[in-house]
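Next comes my_file.txt, with compact mmCIF, C-alpha atoms and all ligand atoms.
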```txt
# COMPACT_ATOMS: atom_id res chain seq x y z
CA MET A 1 143.06 114.45 22.58
CA ILE A 2 142.68 112.27 25.70
CA PRO A 3 142.02 108.66 24.67
CA PHE A 4 139.65 106.52 26.71
CA LEU A 5 142.33 103.88 27.31
CA ASP A 6 145.85 103.52 25.97
CA VAL A 7 146.23 99.70 25.94
CA GLY A 8 149.60 99.91 24.18
CA ALA A 9 151.07 101.90 27.08
CA ALA A 10 151.51 98.73 29.15
CA HIS A 11 153.85 97.45 26.49
CA ARG A 12 155.85 100.66 26.54
CA GLU A 13 156.31 100.26 30.30
CA LEU A 14 157.19 96.56 30.33
CA GLY A 15 158.26 96.03 26.70
CA PRO A 16 161.61 94.26 27.15
CA GLU A 17 160.23 91.83 29.76
CA ILE A 18 157.15 91.08 27.67
CA ASP A 19 159.27 90.51 24.56
CA ALA A 20 161.59 88.21 26.51
CA ALA A 21 158.59 86.22 27.83
CA MET A 22 157.27 85.69 24.31
CA ALA A 23 160.70 84.75 23.01
CA ARG A 24 161.05 82.21 25.84
CA VAL A 25 157.87 80.43 24.69
CA ALA A 26 158.90 80.61 21.04
CA ALA A 27 162.26 79.02 21.84
CA SER A 28 160.78 76.37 24.14
CA GLY A 29 159.10 74.43 21.34
CA TRP A 30 156.07 73.96 23.67
CA TYR A 31 153.04 75.84 22.36
CA VAL A 32 150.00 74.37 24.12
CA GLY A 33 150.01 73.82 27.88
CA GLY A 34 153.39 73.37 29.54
CA ALA A 35 155.55 75.01 32.17
CA GLU A 36 154.77 78.64 31.34
CA LEU A 37 151.02 78.03 31.68
CA GLU A 38 151.44 76.05 34.91
CA ALA A 39 153.59 78.83 36.38
CA PHE A 40 151.01 81.48 35.52
CA GLU A 41 148.18 79.36 36.91
CA SER A 42 149.91 78.93 40.26
CA GLU A 43 150.96 82.60 40.43
CA PHE A 44 147.48 83.83 39.58
CA ALA A 45 145.88 81.42 42.06
CA ALA A 46 148.17 82.81 44.76
CA HIS A 47 147.27 86.39 43.85
CA ALA A 48 143.56 85.56 43.92
CA GLN A 49 143.95 83.66 47.23
CA ALA A 50 142.52 80.50 45.66
CA ARG A 51 143.90 76.94 45.70
CA PHE A 52 143.47 76.23 41.99
CA CYS A 53 143.52 78.13 38.72
CA VAL A 54 142.61 76.73 35.30
CA GLY A 55 143.44 78.77 32.21
CA THR A 56 140.78 79.00 29.49
CA GLY A 57 140.60 80.51 26.01
CA ASN A 58 138.67 83.59 27.21
CA GLY A 59 136.40 84.86 29.97
CA LEU A 60 133.18 83.75 28.32
CA ASP A 61 134.48 80.18 28.16
CA ALA A 62 135.63 80.37 31.78
CA LEU A 63 132.00 81.01 32.78
CA THR A 64 130.51 78.47 30.36
CA LEU A 65 132.92 75.67 31.33
CA THR A 66 132.31 76.35 35.03
CA LEU A 67 128.54 76.05 34.57
CA ARG A 68 128.97 72.86 32.54
CA ALA A 69 131.36 71.45 35.15
CA MET A 70 128.57 71.96 37.72
CA ASP A 71 126.19 69.99 35.46
CA ILE A 72 124.09 73.09 34.88
CA GLY A 73 122.36 72.92 31.50
CA PRO A 74 119.06 72.60 29.67
CA GLY A 75 116.03 73.08 31.91
CA ASP A 76 118.06 74.92 34.57
CA GLU A 77 117.92 78.60 35.50
CA VAL A 78 120.83 80.79 36.49
CA ILE A 79 120.33 84.17 38.15
CA VAL A 80 122.33 86.96 36.50
CA PRO A 81 122.41 90.76 36.83
CA SER A 82 120.06 92.64 34.51
CA HIS A 83 122.85 95.25 34.19
CA THR A 84 126.07 93.63 32.97
CA PHE A 85 128.16 92.95 29.89
CA ILE A 86 126.15 90.45 27.86
CA ALA A 87 128.82 87.73 28.17
CA THR A 88 127.48 86.90 31.65
CA TRP A 89 124.16 85.94 30.04
CA LEU A 90 125.74 84.33 26.97
CA ALA A 91 127.67 81.89 29.16
CA VAL A 92 124.42 80.68 30.73
CA SER A 93 122.88 80.27 27.28
CA ALA A 94 125.99 78.50 25.94
CA ALA A 95 125.66 75.96 28.75
CA GLY A 96 122.05 75.39 27.63
CA ALA A 97 120.46 77.00 30.71
CA THR A 98 118.26 80.10 30.95
CA PRO A 99 119.50 83.42 32.38
CA VAL A 100 117.08 84.92 34.91
CA PRO A 101 117.80 88.63 35.39
CA VAL A 102 117.78 90.42 38.74
CA GLU A 103 117.96 94.20 38.97
CA PRO A 104 120.96 96.04 40.41
CA ASP A 105 121.13 98.38 43.35
CA PRO A 106 121.18 101.70 41.42
CA LEU A 107 123.86 103.04 43.79
CA THR A 108 126.44 100.24 43.41
CA ARG A 109 125.15 99.17 39.95
CA ASN A 110 125.75 95.57 41.10
CA ILE A 111 123.10 92.85 41.53
CA ASP A 112 120.88 93.70 44.51
CA PRO A 113 121.12 90.81 47.00
CA GLY A 114 117.71 91.78 48.39
CA ARG A 115 116.02 91.06 45.06
CA ILE A 116 117.53 87.62 44.40
CA GLU A 117 115.14 85.57 46.54
CA ALA A 118 112.12 86.65 44.49
CA ALA A 119 113.75 85.27 41.31
CA VAL A 120 114.45 81.81 42.75
CA THR A 121 112.35 78.92 41.35
CA PRO A 122 112.65 75.13 41.67
CA ARG A 123 114.78 75.26 38.50
CA SER A 124 117.34 77.74 39.88
CA LYS A 125 120.82 76.21 40.10
CA ALA A 126 123.25 79.09 40.48
CA VAL A 127 123.72 82.82 40.75
CA ILE A 128 126.44 84.78 38.92
CA PRO A 129 127.24 88.07 40.65
CA VAL A 130 129.36 90.39 38.51
CA HIS A 131 131.86 92.79 40.08
CA LEU A 132 130.89 95.35 37.51
CA TYR A 133 133.30 98.17 36.67
CA GLY A 134 135.73 96.72 39.26
CA VAL A 135 133.48 97.47 42.24
CA PRO A 136 132.93 94.27 44.27
CA ALA A 137 129.37 92.98 44.60
CA ASP A 138 128.22 92.03 48.11
CA VAL A 139 129.17 88.38 47.80
CA GLU A 140 128.56 87.75 51.52
CA ALA A 141 124.90 88.70 51.25
CA ILE A 142 124.56 86.88 47.92
CA ALA A 143 126.16 83.70 49.31
CA ALA A 144 123.74 83.80 52.25
CA VAL A 145 120.72 83.80 49.91
CA ALA A 146 122.38 81.12 47.77
CA ARG A 147 122.92 78.86 50.80
CA ARG A 148 119.24 79.12 51.77
CA HIS A 149 118.21 77.90 48.31
CA GLY A 150 121.02 75.47 47.49
CA LEU A 151 122.42 77.62 44.67
CA ARG A 152 126.02 77.60 43.51
CA VAL A 153 127.78 81.00 43.41
CA ILE A 154 130.00 81.75 40.40
CA GLU A 155 131.63 85.16 40.45
CA ASP A 156 132.09 86.96 37.15
CA ALA A 157 135.36 88.66 38.06
CA ALA A 158 136.26 89.71 34.51
CA GLN A 159 136.41 93.38 35.53
CA ALA A 160 137.87 93.05 39.01
CA HIS A 161 141.36 91.50 39.13
CA GLY A 162 142.78 92.30 42.55
CA ALA A 163 139.59 93.67 44.14
CA ARG A 164 138.86 92.83 47.78
CA TRP A 165 135.83 92.32 50.00
CA ALA A 166 136.45 92.65 53.75
CA GLY A 167 140.19 92.37 53.19
CA ARG A 168 140.06 89.13 51.15
CA ARG A 169 140.42 88.94 47.41
CA ILE A 170 137.15 88.49 45.58
CA GLY A 171 136.64 84.92 44.43
CA ALA A 172 137.84 83.50 47.73
CA GLY A 173 135.01 81.79 49.59
CA THR A 174 132.54 81.07 46.76
CA ASP A 175 132.39 78.09 44.40
CA ALA A 176 134.44 79.70 41.63
CA ALA A 177 135.52 83.00 40.12
CA CYS A 178 135.83 83.51 36.37
CA TRP A 179 138.35 85.90 34.87
CA SER A 180 138.99 87.46 31.49
CA PHE A 181 142.37 88.60 30.23
CA TYR A 182 140.96 90.48 27.24
CA PRO A 183 143.50 93.24 26.49
CA GLY A 184 141.46 96.09 28.00
CA LYS A 185 140.88 94.38 31.37
CA ASN A 186 142.89 95.30 34.49
CA LEU A 187 145.06 92.25 33.80
CA GLY A 188 145.08 91.97 30.01
CA ALA A 189 146.95 89.70 27.62
CA LEU A 190 148.05 90.49 24.06
CA GLY A 191 144.93 88.73 22.82
CA ASP A 192 142.16 86.64 24.32
CA GLY A 193 142.56 84.69 27.53
CA GLY A 194 140.65 83.65 30.62
CA ALA A 195 140.78 81.57 33.78
CA VAL A 196 138.74 80.06 36.59
CA THR A 197 139.93 80.09 40.20
CA THR A 198 138.41 77.82 42.82
CA ASP A 199 139.23 75.95 46.04
CA ASP A 200 137.42 72.85 44.76
CA ALA A 201 139.94 70.37 43.34
CA GLU A 202 137.30 68.25 41.62
CA LEU A 203 135.65 71.25 39.99
CA ALA A 204 139.04 72.51 38.75
CA GLU A 205 139.84 69.12 37.23
CA ARG A 206 136.46 68.89 35.51
CA ILE A 207 136.85 72.40 34.05
CA ARG A 208 140.31 71.53 32.78
CA ARG A 209 139.00 68.35 31.18
CA LEU A 210 136.01 70.13 29.60
CA GLY A 211 138.35 72.71 28.07
CA ASN A 212 140.55 69.95 26.69
CA TYR A 213 138.10 67.95 24.51
CA GLY A 214 136.60 66.30 27.59
CA SER A 215 139.76 64.27 27.72
CA PRO A 216 141.23 62.97 31.01
CA ALA A 217 144.00 61.23 29.03
CA LYS A 218 145.12 61.53 25.44
CA TYR A 219 142.49 60.13 23.03
CA VAL A 220 140.20 59.14 25.90
CA HIS A 221 137.03 61.27 25.88
CA GLU A 222 134.77 61.01 28.89
CA GLU A 223 132.41 63.80 27.80
CA ARG A 224 131.85 66.22 24.93
CA GLY A 225 134.32 68.93 25.76
CA ALA A 226 135.53 72.06 24.03
CA ASN A 227 138.96 73.30 23.03
CA SER A 228 139.45 76.29 25.31
CA ARG A 229 142.88 76.61 26.87
CA LEU A 230 145.01 79.58 27.84
CA ASP A 231 147.77 79.97 25.28
CA PRO A 232 151.29 79.69 26.80
CA VAL A 233 152.43 82.85 24.98
CA GLN A 234 149.61 84.75 26.70
CA ALA A 235 150.41 83.00 30.00
CA ALA A 236 154.04 84.14 29.76
CA VAL A 237 152.96 87.72 29.03
CA LEU A 238 150.42 87.63 31.86
CA ARG A 239 153.11 86.50 34.32
CA VAL A 240 154.99 89.72 33.58
CA LYS A 241 151.89 91.90 33.86
CA LEU A 242 150.69 90.17 37.05
CA GLN A 243 153.81 91.57 38.74
CA ALA A 244 152.56 95.07 37.91
CA LEU A 245 148.86 94.52 38.65
CA ASP A 246 148.73 95.83 42.23
CA GLU A 247 150.71 98.96 41.33
CA TRP A 248 148.53 99.53 38.25
CA ASN A 249 145.39 99.15 40.35
CA ASP A 250 146.83 101.74 42.79
CA ARG A 251 147.25 104.15 39.89
CA ARG A 252 143.64 103.56 38.84
CA ARG A 253 142.57 104.22 42.44
CA ARG A 254 144.36 107.58 42.49
CA ILE A 255 142.56 108.65 39.30
CA ALA A 256 139.21 107.48 40.70
CA ASP A 257 139.85 109.45 43.91
CA LEU A 258 140.64 112.53 41.85
CA TYR A 259 137.39 112.18 39.87
CA LEU A 260 135.35 111.50 43.02
CA ARG A 261 136.71 114.64 44.68
CA ALA A 262 136.43 116.86 41.62
CA LEU A 263 132.90 115.76 40.66
CA SER A 264 131.27 115.56 44.10
CA GLY A 265 128.37 117.99 44.27
CA SER A 266 128.20 118.21 40.47
CA GLY A 267 124.78 116.56 40.30
CA LEU A 268 126.23 113.57 38.45
CA GLY A 269 125.71 110.05 39.77
CA LEU A 270 129.13 108.86 40.99
CA PRO A 271 130.36 105.33 41.66
CA HIS A 272 129.62 104.06 45.17
CA VAL A 273 131.95 101.56 46.81
CA PRO A 274 130.18 99.80 49.70
CA ASP A 275 132.00 99.75 53.01
CA PRO A 276 134.07 96.54 53.24
CA ALA A 277 134.88 96.63 49.51
CA GLU A 278 138.09 97.69 47.80
CA ALA A 279 137.44 98.54 44.15
CA VAL A 280 139.98 98.25 41.35
CA TRP A 281 138.33 100.75 39.00
CA HIS A 282 138.24 98.83 35.76
CA LEU A 283 135.97 101.66 34.64
CA PHE A 284 134.93 104.97 36.17
CA VAL A 285 131.25 105.25 35.35
CA ILE A 286 129.12 108.29 36.05
CA THR A 287 125.38 108.55 35.50
CA VAL A 288 124.12 111.71 33.84
CA PRO A 289 120.64 112.88 34.89
CA ASN A 290 117.87 114.52 32.85
CA GLY A 291 118.57 112.72 29.58
CA LEU A 292 121.76 114.74 29.08
CA ARG A 293 124.14 111.78 28.71
CA ASP A 294 124.46 111.89 24.94
CA ALA A 295 124.82 115.69 24.90
CA LEU A 296 127.56 115.50 27.54
CA GLN A 297 129.38 112.81 25.61
CA GLN A 298 129.14 114.80 22.40
CA ARG A 299 130.48 117.94 24.04
CA LEU A 300 133.39 116.01 25.62
CA THR A 301 134.24 114.51 22.23
CA GLN A 302 134.33 118.02 20.73
CA ARG A 303 136.66 119.05 23.54
CA GLY A 304 139.01 116.10 22.86
CA VAL A 305 137.96 113.81 25.71
CA GLN A 306 137.04 110.29 24.59
CA THR A 307 134.35 108.53 26.61
CA LEU A 308 132.51 105.23 26.15
CA ILE A 309 129.19 103.73 27.25
CA HIS A 310 129.15 100.48 29.24
CA TYR A 311 126.64 99.39 28.05
CA PRO A 312 124.21 101.19 25.74
CA ILE A 313 121.61 98.38 25.48
CA ALA A 314 120.55 96.22 28.44
CA PRO A 315 120.87 92.48 27.73
CA HIS A 316 117.11 91.88 28.10
CA MET A 317 116.54 94.39 25.26
CA GLN A 318 119.11 92.84 22.90
CA GLY A 319 117.99 90.90 19.83
CA ALA A 320 119.95 87.92 21.16
CA TYR A 321 117.37 87.58 23.96
CA ARG A 322 114.21 88.54 22.09
CA ASP A 323 112.94 84.97 22.51
CA LEU A 324 112.84 85.35 26.31
CA GLY A 325 110.08 87.90 25.75
CA HIS A 326 111.15 90.44 28.39
CA ALA A 327 109.44 93.80 27.96
CA PRO A 328 111.83 96.81 28.03
CA ASP A 329 110.38 97.99 31.34
CA ALA A 330 110.52 94.53 32.91
CA PHE A 331 113.93 95.68 34.22
CA PRO A 332 113.65 99.46 34.46
CA ILE A 333 116.82 100.00 36.52
CA ALA A 334 118.92 98.24 33.86
CA ARG A 335 117.07 100.06 31.08
CA ASP A 336 117.63 103.46 32.73
CA LEU A 337 121.30 102.78 33.47
CA ALA A 338 121.86 101.97 29.79
CA GLN A 339 120.53 105.43 28.99
CA SER A 340 122.46 107.37 31.62
CA VAL A 341 125.89 105.73 32.14
CA LEU A 342 129.05 107.32 30.79
CA SER A 343 132.58 106.00 31.31
CA LEU A 344 135.40 108.54 31.76
CA PRO A 345 138.99 107.77 30.76
CA ILE A 346 140.84 105.73 33.38
CA GLY A 347 143.82 103.42 33.30
CA PRO A 348 147.24 102.89 34.86
CA HIS A 349 148.88 104.99 32.18
CA LEU A 350 146.53 107.99 32.18
CA PRO A 351 148.61 111.00 33.32
CA THR A 352 147.26 112.87 36.36
CA GLU A 353 147.12 116.09 34.32
CA SER A 354 144.88 114.35 31.80
CA ALA A 355 142.53 113.17 34.56
CA GLU A 356 142.44 116.72 35.95
CA ARG A 357 141.55 118.04 32.52
CA VAL A 358 138.83 115.42 32.07
CA ALA A 359 137.21 116.45 35.36
CA GLN A 360 137.42 120.12 34.43
CA GLU A 361 135.94 119.50 30.98
CA VAL A 362 133.06 117.53 32.53
CA LEU A 363 132.27 120.39 34.94
CA GLU A 364 132.46 122.96 32.15
CA ALA A 365 130.26 120.85 29.90
CA LEU A 366 127.66 120.53 32.67
CA ALA A 367 127.63 124.29 33.11
CA VAL A 368 127.17 124.81 29.37
CA LEU A 369 124.42 122.20 29.23
CA GLY A 370 122.65 123.81 32.19
CA ALA A 371 122.75 120.61 34.17
CA ALA A 372 124.80 121.89 37.12
CA ARG A 373 122.92 122.10 40.35
C1 LIG B 1 135.02 90.90 29.44
C2 LIG B 1 133.90 90.30 30.19
C3 LIG B 1 133.51 88.96 30.02
C4 LIG B 1 134.02 88.10 28.90
O1 LIG B 1 135.37 87.95 28.82
P1 LIG B 1 136.04 87.64 27.38
O2 LIG B 1 137.43 87.28 27.74
O3 LIG B 1 135.94 88.88 26.57
O4 LIG B 1 135.30 86.49 26.79
C5 LIG B 1 132.54 88.45 30.85
N1 LIG B 1 131.94 89.20 31.79
C6 LIG B 1 132.26 90.50 31.96
C7 LIG B 1 131.57 91.27 33.03
C8 LIG B 1 133.23 91.09 31.17
O5 LIG B 1 133.53 92.39 31.34
```

For this file, produce the structure as structure tokens.
Amino acid sequence: MIPFLDVGAAHRELGPEIDAAMARVAASGWYVGGAELEAFESEFAAHAQARFCVGTGNGLDALTLTLRAMDIGPGDEVIVPSHTFIATWLAVSAAGATPVPVEPDPLTRNIDPGRIEAAVTPRSKAVIPVHLYGVPADVEAIAAVARRHGLRVIEDAAQAHGARWAGRRIGAGTDAACWSFYPGKNLGALGDGGAVTTDDAELAERIRRLGNYGSPAKYVHEERGANSRLDPVQAAVLRVKLQALDEWNDRRRRIADLYLRALSGSGLGLPHVPDPAEAVWHLFVITVPNGLRDALQQRLTQRGVQTLIHYPIAPHMQGAYRDLGHAPDAFPIARDLAQSVLSLPIGPHLPTESAERVAQEVLEALAVLGAAR
């Protein structure tokens, strides 16, 4: 049996250091904020090539607090990808604004910069590109459109820790990047966690205040904030794992290269990394043509290969967004991706032999299903 992702394997690799980090926090007597959090924030900012980092309770809050800190709220519109994890949309809704979907480029599966302009209205305040599956979106092209229309750019970097665009880390050069440290992410904690990185000192301060009861000083409340802070135990664990992130991303890259080589010419839709981008392969997502996705997944399960679907229902077709009144075929690229995507096992602890077997099982399954070219 080849599991989709072995999240516990990270602990087997770094166990003693992770245990020591947790014990350090336990012994410190300091359980909210403090030195361990500050150290992680400055180390993560340095890794992301940003001036400031503010820890948050999770990735969804990182996005929501950033929008609120930009005074984006009721009556405002925020452009989001039609194909993404629903949290991107939920953050916009949590801030009180309305998500306005824009279709992806079917090749990169990321928001299509060429389609953004048509979605801009006088109410548009920001655009949130998502570096989906760890493949960077074309933030240069997106920022150019945003500049023309006075939109802020907030990167949803929850799936792309360490990714680069034209040699620079993603997140550098836009208003802010929002990160999740959910356990299954490339940089994952032992529970929930998140952060915002930015070069804007004022924005960073406002986000920190909003995540701390809107409080610039104890028992002084300038605005109605939330309680959303990165836990120091998680910060201490993340400091250990941050040391391993680049090496772990390299291991993911080797697996992705293996899949790309083995599956080229198979008739499957393979991930496409645009030229100046360096992906970090949070997921390796194929698209299966001719309505054979579910049959392929079923066959792989029978053969002991666990796969997942990211994501089976497009956000505009979810009950949570019924009130927006989008017809299913209002966003056909997102709708079709939801029906054809399949994620193969990938992770820093997936043995090469397992990846080889996955590729072989996929090819055999395609032959059996009559889908091979
Ligand atoms: C995981 C994820 C989030 C939300 O992060 P949480 O820490 O789970 O709240 C947001 N956007 C994307 C694209 C994600 O993958």

Name the residues within 10 Å of (144.8, 101.1, 43.6), counting only C-alpha atoms in the file's coordinates, and put them as number ranges by chain. A: 162-163, 245-257, 278-281, 348

Quick one: pull the distance between atom CA of A:Arg168 and atom CA of A:Val273, Å, one decimal.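 Taking atom CA of A:Arg168 and atom CA of A:Val273, their separation equals 15.5 Å.
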
How would you write as a PyMOL selection string the residues that get within 7 Å of (131.5, 117.9, 30.7) in the file's frame, counting all atoms listed in the file? chain A and resi 296+299-300+361-366

Write the residues of the selection above to a file with C-alpha atoms, as a short mmCIF file (atom, residue, chain, number, x, y, z; two decimals), in the coordinates of the input.
```cif
data_model
loop_
_atom_site.label_atom_id
_atom_site.label_comp_id
_atom_site.auth_asym_id
_atom_site.auth_seq_id
_atom_site.Cartn_x
_atom_site.Cartn_y
_atom_site.Cartn_z
CA LEU A 296 127.56 115.50 27.54
CA ARG A 299 130.48 117.94 24.04
CA LEU A 300 133.39 116.01 25.62
CA GLU A 361 135.94 119.50 30.98
CA VAL A 362 133.06 117.53 32.53
CA LEU A 363 132.27 120.39 34.94
CA GLU A 364 132.46 122.96 32.15
CA ALA A 365 130.26 120.85 29.90
CA LEU A 366 127.66 120.53 32.67
#
```

Could you report the residues within 8 Å of ligand LIG 1 (chain B), using all atoms listed in the file, as a list in words?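 The residues within 8 Å of ligand LIG 1 (chain B), counting all atoms listed in the file, are Gly57, Asn58, Gly59, Leu60, Asp61, Ala62, Leu63, Thr84, Phe85, Ile86, Ala87, Thr88, Val130, His131, Leu132, Tyr133, Asp156, Ala157, Ala158, Gln159, Trp179, Ser180, Phe181, Tyr182, Lys185, Asp192, Gly193 and Gly194 of chain A.
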
Between A:Arg123, A:Arg357, A:His11, A:Arg68, which one has atoms that come closest to A:Glu223, using all atoms listed in the file?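 Looking only at the distances to A:Glu223, the closest residue turns out to be A:Arg68.
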
Find the residue from A:Ala189, A:Leu292, A:Val145, A:Val54 that sits nearest to A:Val368; use only C-alpha atoms when measuring.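 Comparing A:Ala189, A:Leu292, A:Val145, A:Val54 against A:Val368, the winner is A:Leu292.
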
Which residue, A:Tyr259, A:Trp165, A:Tyr31, A:Phe4, has the smallest gap to A:Gln360 when you use all atoms listed in the file? A:Tyr259

Quick one: pull the distance between atom CA of A:Ala226 and atom CA of A:Ser93, Å, one decimal.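 Computing it gives 15.4 Å between the two atoms.
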
Write out as a PyMOL selection string the residues lying within 9 Å of A:Thr66, counting all atoms listed in the file and excluding same-chain residues fewer than 5 positions away. chain A and resi 61+71-72+154+176-178+196+203-204+206-207

Mind dumping a table of every stretch 226-267 of chain A residue within 10 Å of stretch 33-37 of chain A, with the nearest atom pair and its distance in Å to one decimal, using all atoms listed in the file, sorted by chain and rising number, as a tab-separated table?
```
residue	atom	partner	partner_atom	distance
A:Arg229	CA	A:Gly33	CA	7.7
A:Leu230	CA	A:Leu37	CA	7.3
A:Asp231	CA	A:Gly33	CA	7.0
A:Pro232	CA	A:Leu37	CA	5.2
A:Val233	CA	A:Glu36	CA	8.0
A:Gln234	CA	A:Leu37	CA	8.5
A:Ala235	CA	A:Leu37	CA	5.3
A:Ala236	CA	A:Glu36	CA	5.8
A:Val237	CA	A:Glu36	CA	9.5
A:Leu238	CA	A:Leu37	CA	9.6
A:Arg239	CA	A:Glu36	CA	8.6
```

For A:Thr301, work out the shell of residues within 12 Å, counting all atoms listed in the file and skipping chain neighbours fewer than 2 positions away, then give it as a ChimeraX atom specification. /A:1-4,294-299,303-308,344-345,358,361-362,365
